[in-house]
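Dropping target-v3.cif in here (mmCIF, C-alpha atoms):
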data_model
loop_
_atom_site.label_atom_id
_atom_site.label_comp_id
_atom_site.auth_asym_id
_atom_site.auth_seq_id
_atom_site.Cartn_x
_atom_site.Cartn_y
_atom_site.Cartn_z
CA MET A 43 0.00 0.00 0.00
CA SER A 44 1.40 3.39 -1.01
CA LEU A 45 0.74 6.02 1.61
CA THR A 46 0.61 9.80 1.68
CA LEU A 47 0.42 11.95 4.77
CA ARG A 48 -1.14 15.38 5.07
CA THR A 49 -2.75 17.75 7.54
CA VAL A 50 -6.49 17.12 7.82
CA SER A 51 -9.42 19.02 9.32
CA ARG A 52 -10.71 18.17 12.78
CA GLU A 53 -13.92 16.93 11.14
CA GLN A 54 -11.99 14.45 8.97
CA HIS A 55 -9.95 13.33 11.96
CA LEU A 56 -13.06 12.82 14.12
CA ALA A 57 -14.91 10.96 11.34
CA TYR A 58 -11.97 8.58 11.05
CA ILE A 59 -11.84 7.96 14.85
CA GLN A 60 -15.61 7.34 14.85
CA SER A 61 -15.19 4.68 12.14
CA LEU A 62 -12.96 2.59 14.44
CA PRO A 63 -13.94 0.22 17.27
CA SER A 64 -11.99 2.55 19.61
CA ALA A 65 -8.94 4.79 19.99
CA SER A 66 -7.24 6.52 22.90
CA HIS A 67 -9.01 9.54 24.37
CA CYS A 68 -5.65 11.35 23.96
CA GLN A 69 -6.04 11.03 20.18
CA VAL A 70 -9.48 12.61 19.65
CA PRO A 71 -9.38 16.11 18.11
CA ALA A 72 -10.91 17.74 21.21
CA TRP A 73 -7.97 16.57 23.34
CA ALA A 74 -6.06 19.45 21.72
CA ASP A 75 -8.53 21.86 23.39
CA VAL A 76 -7.99 20.16 26.75
CA LYS A 77 -4.21 20.65 26.33
CA ASN A 78 -4.58 24.21 25.08
CA GLU A 79 -1.08 25.28 26.17
CA TRP A 80 0.21 23.18 23.26
CA ARG A 81 -0.19 23.98 19.55
CA ALA A 82 -2.02 21.15 17.77
CA GLU A 83 -2.19 19.59 14.33
CA ASN A 84 -4.35 16.77 12.93
CA LEU A 85 -2.58 14.36 10.59
CA GLY A 86 -4.14 11.88 8.18
CA TRP A 87 -2.61 8.94 6.31
CA PHE A 88 -4.19 8.12 2.95
CA ASP A 89 -4.06 5.06 0.71
CA GLU A 90 -2.92 6.50 -2.62
CA ARG A 91 -4.85 3.93 -4.66
CA THR A 92 -8.27 4.51 -3.10
CA GLY A 93 -7.79 8.01 -1.64
CA GLN A 94 -9.23 6.60 1.59
CA MET A 95 -8.04 7.76 5.01
CA VAL A 96 -6.37 4.83 6.78
CA GLY A 97 -4.73 6.47 9.83
CA ALA A 98 -4.81 9.59 11.99
CA GLY A 99 -2.68 11.33 14.56
CA LEU A 100 -3.14 14.23 16.95
CA VAL A 101 0.18 16.04 17.31
CA LEU A 102 0.79 18.45 20.18
CA TYR A 103 3.67 20.93 19.72
CA ARG A 104 5.44 22.46 22.71
CA GLN A 105 8.01 25.19 22.20
CA LEU A 106 11.40 24.81 23.83
CA PRO A 107 12.21 27.81 26.08
CA LYS A 108 14.16 30.52 24.18
CA VAL A 109 14.21 28.52 20.90
CA LYS A 110 11.74 28.60 18.02
CA ARG A 111 11.76 24.80 17.81
CA TYR A 112 9.24 22.29 19.12
CA LEU A 113 8.81 18.97 20.79
CA ALA A 114 6.13 17.10 18.80
CA TYR A 115 4.11 14.72 20.99
CA LEU A 116 1.53 12.10 19.93
CA PRO A 117 0.10 10.82 23.24
CA GLU A 118 -1.03 7.19 22.90
CA GLY A 119 -0.78 7.56 19.14
CA PRO A 120 -0.72 7.83 16.22
CA VAL A 121 -3.76 5.71 15.32
CA ILE A 122 -2.28 3.62 12.51
CA ASN A 123 -1.83 -0.04 11.60
CA TRP A 124 1.05 -0.77 13.98
CA TYR A 125 1.37 -4.35 12.77
CA ALA A 126 1.83 -3.32 9.13
CA PRO A 127 4.90 -4.99 7.60
CA ASN A 128 5.92 -1.61 6.16
CA LEU A 129 5.83 0.36 9.44
CA ASP A 130 8.64 2.57 8.11
CA GLU A 131 6.35 3.80 5.31
CA TRP A 132 3.90 5.04 7.94
CA LEU A 133 6.40 6.71 10.26
CA ARG A 134 9.02 8.11 7.88
CA PRO A 135 6.60 10.63 6.20
CA MET A 136 5.43 11.65 9.69
CA LEU A 137 8.99 12.43 10.80
CA ASP A 138 9.69 14.37 7.58
CA HIS A 139 6.49 16.38 8.05
CA LEU A 140 7.17 17.15 11.74
CA LYS A 141 10.72 18.24 10.93
CA LYS A 142 9.33 20.73 8.38
CA GLN A 143 7.01 22.02 11.12
CA GLY A 144 10.06 22.92 13.25
CA ALA A 145 10.13 19.86 15.52
CA PHE A 146 13.53 18.99 16.99
CA SER A 147 12.25 15.83 18.70
CA VAL A 148 9.23 13.54 18.38
CA LYS A 149 7.64 11.57 21.23
CA MET A 150 4.92 9.01 20.63
CA GLY A 151 3.15 6.23 22.53
CA PRO A 152 2.23 3.28 20.32
CA PRO A 153 -1.15 1.93 21.55
CA VAL A 154 0.27 -1.60 21.40
CA VAL A 155 -0.09 -4.04 24.31
CA ILE A 156 2.94 -6.28 24.79
CA ARG A 157 1.92 -8.45 27.80
CA ARG A 158 -1.08 -9.16 30.00
CA TRP A 159 -1.32 -10.69 33.48
CA ASP A 160 -4.64 -11.92 34.87
CA ALA A 161 -5.71 -11.19 38.46
CA ALA A 162 -4.91 -14.73 39.69
CA ALA A 163 -1.29 -14.50 38.46
CA ILE A 164 -0.82 -11.08 40.10
CA LYS A 165 -2.33 -12.29 43.37
CA LYS A 166 0.08 -15.22 43.39
CA GLY A 167 2.95 -12.82 42.64
CA ILE A 168 1.98 -10.52 45.54
CA GLN A 169 2.14 -13.50 47.93
CA ASP A 170 5.60 -14.51 46.68
CA GLN A 171 8.38 -12.81 48.67
CA ASP A 172 10.83 -13.01 45.74
CA VAL A 173 8.53 -11.14 43.37
CA LYS A 174 9.10 -7.41 43.46
CA ARG A 175 7.71 -6.26 40.10
CA LEU A 176 5.00 -7.21 37.67
CA ARG A 177 7.65 -8.28 35.16
CA ASP A 178 8.94 -10.92 37.61
CA ILE A 179 5.66 -12.80 37.08
CA GLU A 180 5.18 -14.95 34.01
CA ALA A 181 2.72 -13.15 31.74
CA THR A 182 -0.65 -14.83 31.12
CA HIS A 183 -0.61 -13.58 27.55
CA ILE A 184 2.26 -12.32 25.37
CA GLU A 185 1.78 -10.55 22.03
CA PRO A 186 4.72 -11.62 19.82
CA ARG A 187 3.84 -9.02 17.16
CA ALA A 188 4.42 -6.26 19.73
CA PHE A 189 8.07 -7.34 20.10
CA GLU A 190 8.40 -7.11 16.31
CA VAL A 191 7.05 -3.53 16.44
CA ALA A 192 9.65 -2.64 19.11
CA ASP A 193 12.45 -4.17 16.98
CA LYS A 194 11.33 -2.22 13.90
CA LEU A 195 11.23 1.04 15.86
CA ARG A 196 14.76 0.49 17.21
CA ARG A 197 16.05 -0.25 13.71
CA MET A 198 14.47 3.00 12.46
CA GLY A 199 16.35 4.99 15.11
CA TRP A 200 13.53 5.42 17.65
CA GLN A 201 14.70 5.34 21.27
CA GLN A 202 12.75 3.80 24.10
CA GLY A 203 11.70 6.53 26.56
CA GLU A 204 12.63 5.95 30.18
CA ASP A 205 10.00 4.01 32.14
CA GLY A 206 7.64 6.74 33.24
CA GLY A 207 10.47 9.16 32.52
CA ALA A 208 9.74 12.87 32.38
CA GLY A 209 8.38 13.77 28.99
CA PHE A 210 7.65 17.36 28.22
CA GLY A 211 4.00 16.85 29.02
CA ASP A 212 1.87 14.26 30.78
CA VAL A 213 3.72 11.02 30.23
CA GLN A 214 1.09 8.34 29.74
CA PRO A 215 1.10 5.20 31.92
CA ARG A 216 2.93 2.17 30.57
CA TYR A 217 1.07 -0.25 32.85
CA VAL A 218 -2.71 -0.12 33.11
CA PHE A 219 -5.44 -2.27 34.63
CA GLN A 220 -8.40 -3.30 32.48
CA VAL A 221 -11.62 -5.26 32.95
CA PRO A 222 -12.61 -7.00 29.68
CA LEU A 223 -16.37 -6.81 29.03
CA GLU A 224 -16.69 -8.33 25.59
CA ASN A 225 -18.68 -11.60 25.39
CA ARG A 226 -19.25 -11.58 29.15
CA SER A 227 -22.41 -11.04 31.15
CA LEU A 228 -22.49 -8.50 34.00
CA GLU A 229 -23.09 -11.43 36.36
CA GLU A 230 -19.81 -12.99 35.22
CA VAL A 231 -17.98 -9.70 35.70
CA HIS A 232 -19.41 -9.33 39.22
CA LYS A 233 -18.62 -12.98 40.05
CA ASN A 234 -15.02 -12.34 39.02
CA PHE A 235 -14.57 -9.59 41.66
CA ASN A 236 -12.69 -10.84 44.70
CA GLN A 237 -14.55 -11.48 47.94
CA LEU A 238 -13.55 -8.14 49.46
CA TRP A 239 -14.89 -6.18 46.48
CA ARG A 240 -18.23 -8.03 46.50
CA ARG A 241 -18.49 -7.55 50.27
CA ASN A 242 -17.71 -3.81 49.96
CA ILE A 243 -20.30 -3.29 47.21
CA LYS A 244 -22.86 -4.99 49.46
CA LYS A 245 -21.73 -2.92 52.46
CA ALA A 246 -22.16 0.35 50.51
CA ASP A 247 -25.62 -0.73 49.39
CA LYS A 248 -26.65 -1.64 52.93
CA ALA A 249 -25.33 1.68 54.28
CA GLY A 250 -27.49 3.53 51.73
CA VAL A 251 -24.70 4.85 49.49
CA GLN A 252 -26.18 6.19 46.27
CA VAL A 253 -24.25 6.81 43.06
CA VAL A 254 -25.51 9.67 40.91
CA GLN A 255 -24.34 11.32 37.72
CA GLY A 256 -23.21 14.93 37.89
CA ASN A 257 -22.61 17.67 35.34
CA MET A 258 -19.56 19.95 35.39
CA ALA A 259 -21.54 22.59 33.52
CA ASN A 260 -23.45 22.95 36.80
CA PRO A 261 -21.39 25.21 39.15
CA TYR A 262 -22.44 23.26 42.28
CA ASP A 263 -21.32 19.91 40.80
CA LEU A 264 -18.05 21.43 39.60
CA ASP A 265 -17.36 22.92 43.06
CA GLU A 266 -18.16 19.60 44.75
CA TRP A 267 -15.86 17.75 42.36
CA GLN A 268 -13.01 20.21 42.99
CA ARG A 269 -13.51 20.10 46.77
CA LEU A 270 -13.16 16.28 46.86
CA TYR A 271 -10.31 16.33 44.34
CA GLU A 272 -8.29 18.85 46.38
CA ILE A 273 -8.82 16.82 49.57
CA THR A 274 -7.43 13.81 47.66
CA ALA A 275 -4.45 15.81 46.33
CA GLU A 276 -3.51 16.90 49.83
CA ARG A 277 -3.86 13.37 51.20
CA ASP A 278 -1.92 11.72 48.36
CA LYS A 279 0.61 14.56 48.07
CA PHE A 280 0.20 15.55 44.42
CA ARG A 281 -0.36 18.96 42.89
CA PRO A 282 -4.03 19.36 41.93
CA ARG A 283 -5.14 20.68 38.57
CA PRO A 284 -7.15 23.92 38.73
CA LYS A 285 -10.93 23.90 38.51
CA ALA A 286 -10.75 25.64 35.11
CA TYR A 287 -8.95 22.60 33.68
CA PHE A 288 -11.84 20.25 34.47
CA GLN A 289 -14.42 22.80 33.34
CA ARG A 290 -12.63 23.11 30.00
CA MET A 291 -12.17 19.35 29.70
CA TRP A 292 -15.90 18.80 30.24
CA ASN A 293 -16.96 21.51 27.80
CA VAL A 294 -14.65 20.64 24.91
CA LEU A 295 -14.91 16.84 25.11
CA ASN A 296 -18.71 16.84 25.39
CA ALA A 297 -19.02 19.43 22.61
CA GLU A 298 -17.24 16.90 20.37
CA ASP A 299 -19.42 14.00 21.54
CA PRO A 300 -22.09 14.32 24.28
CA GLN A 301 -21.12 10.83 25.56
CA ARG A 302 -17.38 11.57 25.77
CA MET A 303 -17.08 12.52 29.47
CA ARG A 304 -19.20 11.68 32.51
CA LEU A 305 -19.06 12.69 36.17
CA TYR A 306 -20.16 10.48 39.08
CA PHE A 307 -20.71 11.14 42.78
CA ALA A 308 -21.22 8.68 45.62
CA GLU A 309 -23.57 10.19 48.22
CA HIS A 310 -24.24 9.10 51.77
CA GLU A 311 -26.88 10.73 53.96
CA GLY A 312 -27.09 13.64 51.53
CA GLU A 313 -23.33 14.26 51.51
CA ARG A 314 -21.06 13.71 48.54
CA ILE A 315 -18.09 11.67 49.73
CA SER A 316 -16.55 10.33 46.54
CA ALA A 317 -16.36 11.35 42.87
CA ALA A 318 -14.93 10.13 39.56
CA THR A 319 -14.78 11.07 35.90
CA MET A 320 -15.23 8.63 33.03
CA LEU A 321 -14.17 8.95 29.38
CA VAL A 322 -15.67 7.11 26.40
CA VAL A 323 -14.26 6.60 22.89
CA GLY A 324 -16.07 3.89 20.93
CA GLY A 325 -15.89 0.61 22.83
CA HIS A 326 -13.16 1.76 25.22
CA VAL A 327 -14.22 3.33 28.52
CA TRP A 328 -11.74 4.82 31.01
CA TYR A 329 -12.00 5.66 34.68
CA SER A 330 -10.07 8.91 34.42
CA TYR A 331 -9.85 10.91 37.68
CA GLY A 332 -10.93 9.86 41.15
CA ALA A 333 -11.51 11.83 44.35
CA SER A 334 -12.74 11.07 47.85
CA ALA A 335 -13.28 12.59 51.28
CA ASN A 336 -11.16 11.59 54.28
CA HIS A 337 -14.16 10.39 56.28
CA LYS A 338 -16.93 7.79 55.81
CA ARG A 339 -14.54 5.41 54.10
CA GLU A 340 -16.16 2.55 56.00
CA VAL A 341 -19.29 2.82 53.82
CA ARG A 342 -17.13 1.95 50.77
CA PRO A 343 -18.21 4.67 48.33
CA SER A 344 -15.36 3.97 45.87
CA ASN A 345 -16.37 0.34 45.33
CA ALA A 346 -20.00 1.35 44.84
CA MET A 347 -19.02 4.02 42.33
CA GLN A 348 -16.71 1.77 40.31
CA TRP A 349 -19.41 -0.90 40.11
CA ARG A 350 -21.96 1.64 38.85
CA MET A 351 -19.46 3.02 36.28
CA LEU A 352 -18.66 -0.48 35.11
CA GLN A 353 -22.38 -1.24 34.70
CA ASP A 354 -22.85 1.99 32.72
CA ALA A 355 -19.84 1.16 30.52
CA TYR A 356 -21.41 -2.23 29.86
CA ALA A 357 -24.75 -0.61 28.99
CA LEU A 358 -22.90 1.61 26.49
CA GLY A 359 -21.67 -1.57 24.77
CA ALA A 360 -18.04 -1.14 25.88
CA SER A 361 -15.61 -3.97 25.21
CA VAL A 362 -13.23 -2.86 27.96
CA TYR A 363 -13.44 -0.86 31.20
CA ASP A 364 -10.02 0.68 31.79
CA LEU A 365 -8.94 1.63 35.31
CA ARG A 366 -5.89 3.39 33.84
CA GLY A 367 -2.42 3.53 35.36
CA ILE A 368 -0.81 1.25 37.90
CA SER A 369 2.81 1.00 39.04
CA ASP A 370 4.60 -2.23 38.18
CA SER A 371 5.83 -2.49 41.78
CA LEU A 372 4.44 -5.36 43.87
CA ASP A 373 6.36 -4.29 46.97
CA GLU A 374 3.90 -3.82 49.84
CA ASN A 375 6.03 -0.95 51.20
CA ASP A 376 5.73 1.01 47.93
CA HIS A 377 3.29 3.91 48.29
CA LEU A 378 1.67 2.94 44.95
CA PHE A 379 1.07 -0.67 45.96
CA GLY A 380 -2.42 0.09 47.29
CA LEU A 381 -3.46 1.15 43.80
CA ILE A 382 -2.73 -2.18 42.16
CA GLN A 383 -4.22 -4.03 45.16
CA PHE A 384 -7.50 -2.09 44.79
CA LYS A 385 -7.69 -2.63 41.02
CA VAL A 386 -6.75 -6.34 41.11
CA GLY A 387 -9.91 -6.85 43.17
CA THR A 388 -11.99 -6.27 40.03
CA GLY A 389 -10.71 -9.56 38.63
CA GLY A 390 -9.45 -7.85 35.46
CA GLN A 391 -5.96 -7.90 33.99
CA ALA A 392 -2.85 -5.77 34.04
CA ALA A 393 -1.60 -4.76 30.59
CA GLU A 394 1.83 -3.48 29.62
CA TYR A 395 2.03 -1.14 26.64
CA LEU A 396 5.13 -0.64 24.50
CA GLY A 397 5.77 2.60 26.36
CA GLU A 398 6.79 5.95 24.90
CA TRP A 399 9.42 6.34 22.17
CA ASP A 400 11.53 9.33 21.12
CA PHE A 401 13.04 10.26 17.80
CA PRO A 402 15.66 13.04 18.07
CA LEU A 403 15.46 15.05 14.82
CA ASN A 404 18.12 17.38 16.25
CA LYS A 405 20.36 15.46 18.66
CA LEU A 406 21.79 18.59 20.29
CA LEU A 407 18.42 20.14 21.13
CA HIS A 408 17.06 16.75 22.17
CA LYS A 409 19.92 16.42 24.66
CA ALA A 410 19.31 19.99 25.87
CA LEU A 411 15.67 19.07 26.50
CA ASP A 412 16.71 15.99 28.50
CA MET A 413 18.99 18.13 30.66
CA TYR A 414 16.28 20.78 31.10
CA MET A 415 13.76 18.13 32.18
CA SER A 416 16.15 16.44 34.63
CA ARG A 417 16.73 19.81 36.35
CA ARG A 418 13.04 20.60 36.69
#
Can you turn what I pasted into C-alpha cells?
Amino acid sequence: MSLTLRTVSREQHLAYIQSLPSASHCQVPAWADVKNEWRAENLGWFDERTGQMVGAGLVLYRQLPKVKRYLAYLPEGPVINWYAPNLDEWLRPMLDHLKKQGAFSVKMGPPVVIRRWDAAAIKKGIQDQDVKRLRDIEATHIEPRAFEVADKLRRMGWQQGEDGGAGFGDVQPRYVFQVPLENRSLEEVHKNFNQLWRRNIKKADKAGVQVVQGNMANPYDLDEWQRLYEITAERDKFRPRPKAYFQRMWNVLNAEDPQRMRLYFAEHEGERISAATMLVVGGHVWYSYGASANHKREVRPSNAMQWRMLQDAYALGASVYDLRGISDSLDENDHLFGLIQFKVGTGGQAAEYLGEWDFPLNKLLHKALDMYMSRR
C-alpha cells in the first residue's frame, strides 16, 4: 500500500476515529482543546490507490524555552496499523512532516499491548516474597507481534523513553489495569470480583450509598468535584489541577461528543463523599480521575461508584473498562502498591504497553531538552 500523509481538518480526523472500534481519548481532536497550552495539528494517512483515510494522529507541539523549535508529541498515538509490515512507510513521512514544522524531537506512545497478566497471576505474585515487580511474574498472555514492532522502531532509530520518565507533558502510563467486558455477562464480571470487592459493594448498598451522575456545567457539581479532588491531592501529596482545567475538559470533550465525558458522585446521607470522571471513545471506557473525602470510608463509596461506572460502561456496549495507570511495583512498602491491590480486586488484567518512544530530529536540542527536564 502506497501512503501519503497530510494535515487534515478536525472533522476528517473525528470521522476517522468514529469509524474505528476505539482509539485513545488522547487522540481525539478535542484533546487538543484540553491541552490548550500546546499547539495542535491533525494528521491523516491516505491510501494513494483509493484516496481513503487509513490512519490519523493528533500532534501536540510544545516550544522549547528561548528557541523557536518544538517537541512534537503524539500521546497514545498515532492511530495507525502498527502491525503493518511496512511500518517505516507510515512513520518516515510523519517524521519528515514534523521536521518541516520545526520539531527537533518527536515523542509518541504506540497503543500496542505487549503483555497481560490476569488477576490470579498477580495475586500469586503478591504473595511470593521473591517477586518485586509485575515483570517478575510470568505473563498470562504475550503478544509476539508487539516485540516485532519494538524491533522495527529500534532499527528505524527510535529510542525507548525511560519508564515513566519525564516527557515534556503528561507522560502516559505504561502499565494499566483493564476489565474486559466483551462476550461476558455482568453477572460474570461481578462474580469475578474478589470477595472483598463483593463484600464492599454490598456494604455500601446496605449503608445507603447512592451513586448519581453529575454535570460539570453545573457550578455546584463542579465545586463539589473540585472540593473532593483537592482533599485527595492533599492526602496523596500531588499537585491538583485547577478547577478551570476540568471545566474546560468537560466543555470541549462533550461538545465533540455528548457521551465523551461523565461525572459520578457517591452520596451518603445527603453528603457527597466520593467522585470520579469517566471517558468514552467507541468501545473503550476509562475511569479517568478519582476523588474522595477523608471520612466515611467505612461505607465503601469507591467500590459502589466503580461498580456503577462499570455497569454503565457495559450498557454503552463497551468492550473494555479501563482503570488506567498502575505502578509495576508489587512491593507492599511502595506507596503505589495500594493502587494495584485495589484494582486487582476487580478480577481484570494488568496490561503493559510498548511505552513511549523518542526520535531526536536534532540530537543537540534533544539532549538539551533531556537536561532541562532532569533539572526541573
For Trp328 in chain A: contacts at 8 Å, all atoms listed in the file, fewer than 2 positions along chain excluded, given as a ChimeraX atom specification:
/A:320-322,326,330,363-366
So that I can check the surroundings of Ser66 in chain A, please list as number ranges by chain every protein, DNA and RNA residue that reaches within 9 Å of it, counting only C-alpha atoms and ignoring chain neighbours fewer than 5 positions away.
A: 117-119, 121, 153, 323, 326
Shell around range 217-224 of chain A at 9 Å using only C-alpha atoms, local window under 3 positions removed, as a compact mmCIF listing (two decimals) with C-alpha atoms, keeping the file's coordinate frame:
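Dumped to around-v8.txt:
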# COMPACT_ATOMS: atom_id res chain seq x y z
CA SER A 227 -22.41 -11.04 31.15
CA LEU A 228 -22.49 -8.50 34.00
CA VAL A 231 -17.98 -9.70 35.70
CA TRP A 328 -11.74 4.82 31.01
CA LEU A 352 -18.66 -0.48 35.11
CA ALA A 355 -19.84 1.16 30.52
CA TYR A 356 -21.41 -2.23 29.86
CA GLY A 359 -21.67 -1.57 24.77
CA ALA A 360 -18.04 -1.14 25.88
CA SER A 361 -15.61 -3.97 25.21
CA VAL A 362 -13.23 -2.86 27.96
CA TYR A 363 -13.44 -0.86 31.20
CA ASP A 364 -10.02 0.68 31.79
CA LEU A 365 -8.94 1.63 35.31
CA ARG A 366 -5.89 3.39 33.84
CA GLY A 367 -2.42 3.53 35.36
CA ILE A 368 -0.81 1.25 37.90
CA SER A 369 2.81 1.00 39.04
CA ASP A 370 4.60 -2.23 38.18
CA ILE A 382 -2.73 -2.18 42.16
CA LYS A 385 -7.69 -2.63 41.02
CA VAL A 386 -6.75 -6.34 41.11
CA THR A 388 -11.99 -6.27 40.03
CA GLY A 389 -10.71 -9.56 38.63
CA GLY A 390 -9.45 -7.85 35.46
CA GLN A 391 -5.96 -7.90 33.99
CA ALA A 392 -2.85 -5.77 34.04
CA ALA A 393 -1.60 -4.76 30.59
CA GLU A 394 1.83 -3.48 29.62
CA TYR A 395 2.03 -1.14 26.64
CA GLY A 397 5.77 2.60 26.36
Min atom-atom distance to Leu45 in chain A from the set A:Trp399, A:Phe88, A:Phe146, A:Phe280, counting only C-alpha atoms, belongs to A:Phe88
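Residues within 10 Å of Asn257 in chain A, counting all atoms listed in the file and excluding same-chain residues fewer than 4 positions away, are Pro261, Tyr262, Asp263, Leu264, Trp267, Gln289, Trp292, Met303, Arg304, Leu305 and Tyr306 of chain A.
Distance annotation: of A:Ser64, A:Gln143, A:Gln383, A:Ser44, the residue with the minimal separation from Val327 in chain A is A:Ser64; atom set is all atoms listed in the file.
When all atoms listed in the file are used to measure the gap to Met347 in chain A, the shortest distance among A:Glu313, A:Asp247, A:Glu374, A:Glu298 belongs to A:Asp247.
What separates CA of Lys149 in chain A from CA of Glu398 in chain A is a distance of 6.8 Å.
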Counting all atoms listed in the file, closest pick from A:Arg48, A:Arg241, A:Arg175, A:His67 relative to Asp299 in chain A is A:His67
Excluding Tyr112 in chain A and residues on its chain fewer than 2 positions from it, collect all residues at most 12 Å away from it, counting only C-alpha atoms, and give them as a PyMOL selection string.
chain A and resi 80-82+101-110+114-115+140-149+210+402-404+407-408+411
For the file shown, report as an NGL selection string the outcome of the PyMOL selection byres ((chain A and resi 157) around 12) at residue level.
:A and (154-156 or 158-160 or 176-177 or 179-189 or 216-219 or 391-397)
Specify the axis-aligned box that encloses all atoms of range 160-169 of chain A listed in the file after padding of 8 Å on each side, stating its centre and edge lengths in Å to one decimal as lines of an AutoDock Vina configuration file.
center_x = -1.4
center_y = -12.9
center_z = 41.4
size_x = 24.7
size_y = 20.7
size_z = 29.1
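Closest approach to Glu272 in chain A among A:Val254, A:Leu381, A:Met150, A:Ala335 is made by A:Ala335 (distances from only C-alpha atoms).
When only C-alpha atoms are used to compute distances to Ala246 in chain A, the closest of the residues A:Arg197, A:Arg134, A:His310, A:Lys166 turns out to be A:His310.
For the atom pair formed by CA of Arg269 in chain A and CA of Gln214 in chain A, the distance is 25.3 Å, given to one decimal.
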What is the CA of Pro127 in chain A to CA of Ala192 in chain A distance in Å?
12.7 Å
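Selection result for the displayed file, with the PyMOL selection byres ((chain A and resi 339) around 12) as criterion, is Asn242, Lys245, Ala246, Ala249, Val251, Ala308, Glu309, His310, Arg314, Ile315, Ser316, Ser334, Ala335, Asn336, His337, Lys338, Glu340, Val341, Arg342, Pro343, Ser344, Asn345 and Ala346 of chain A.
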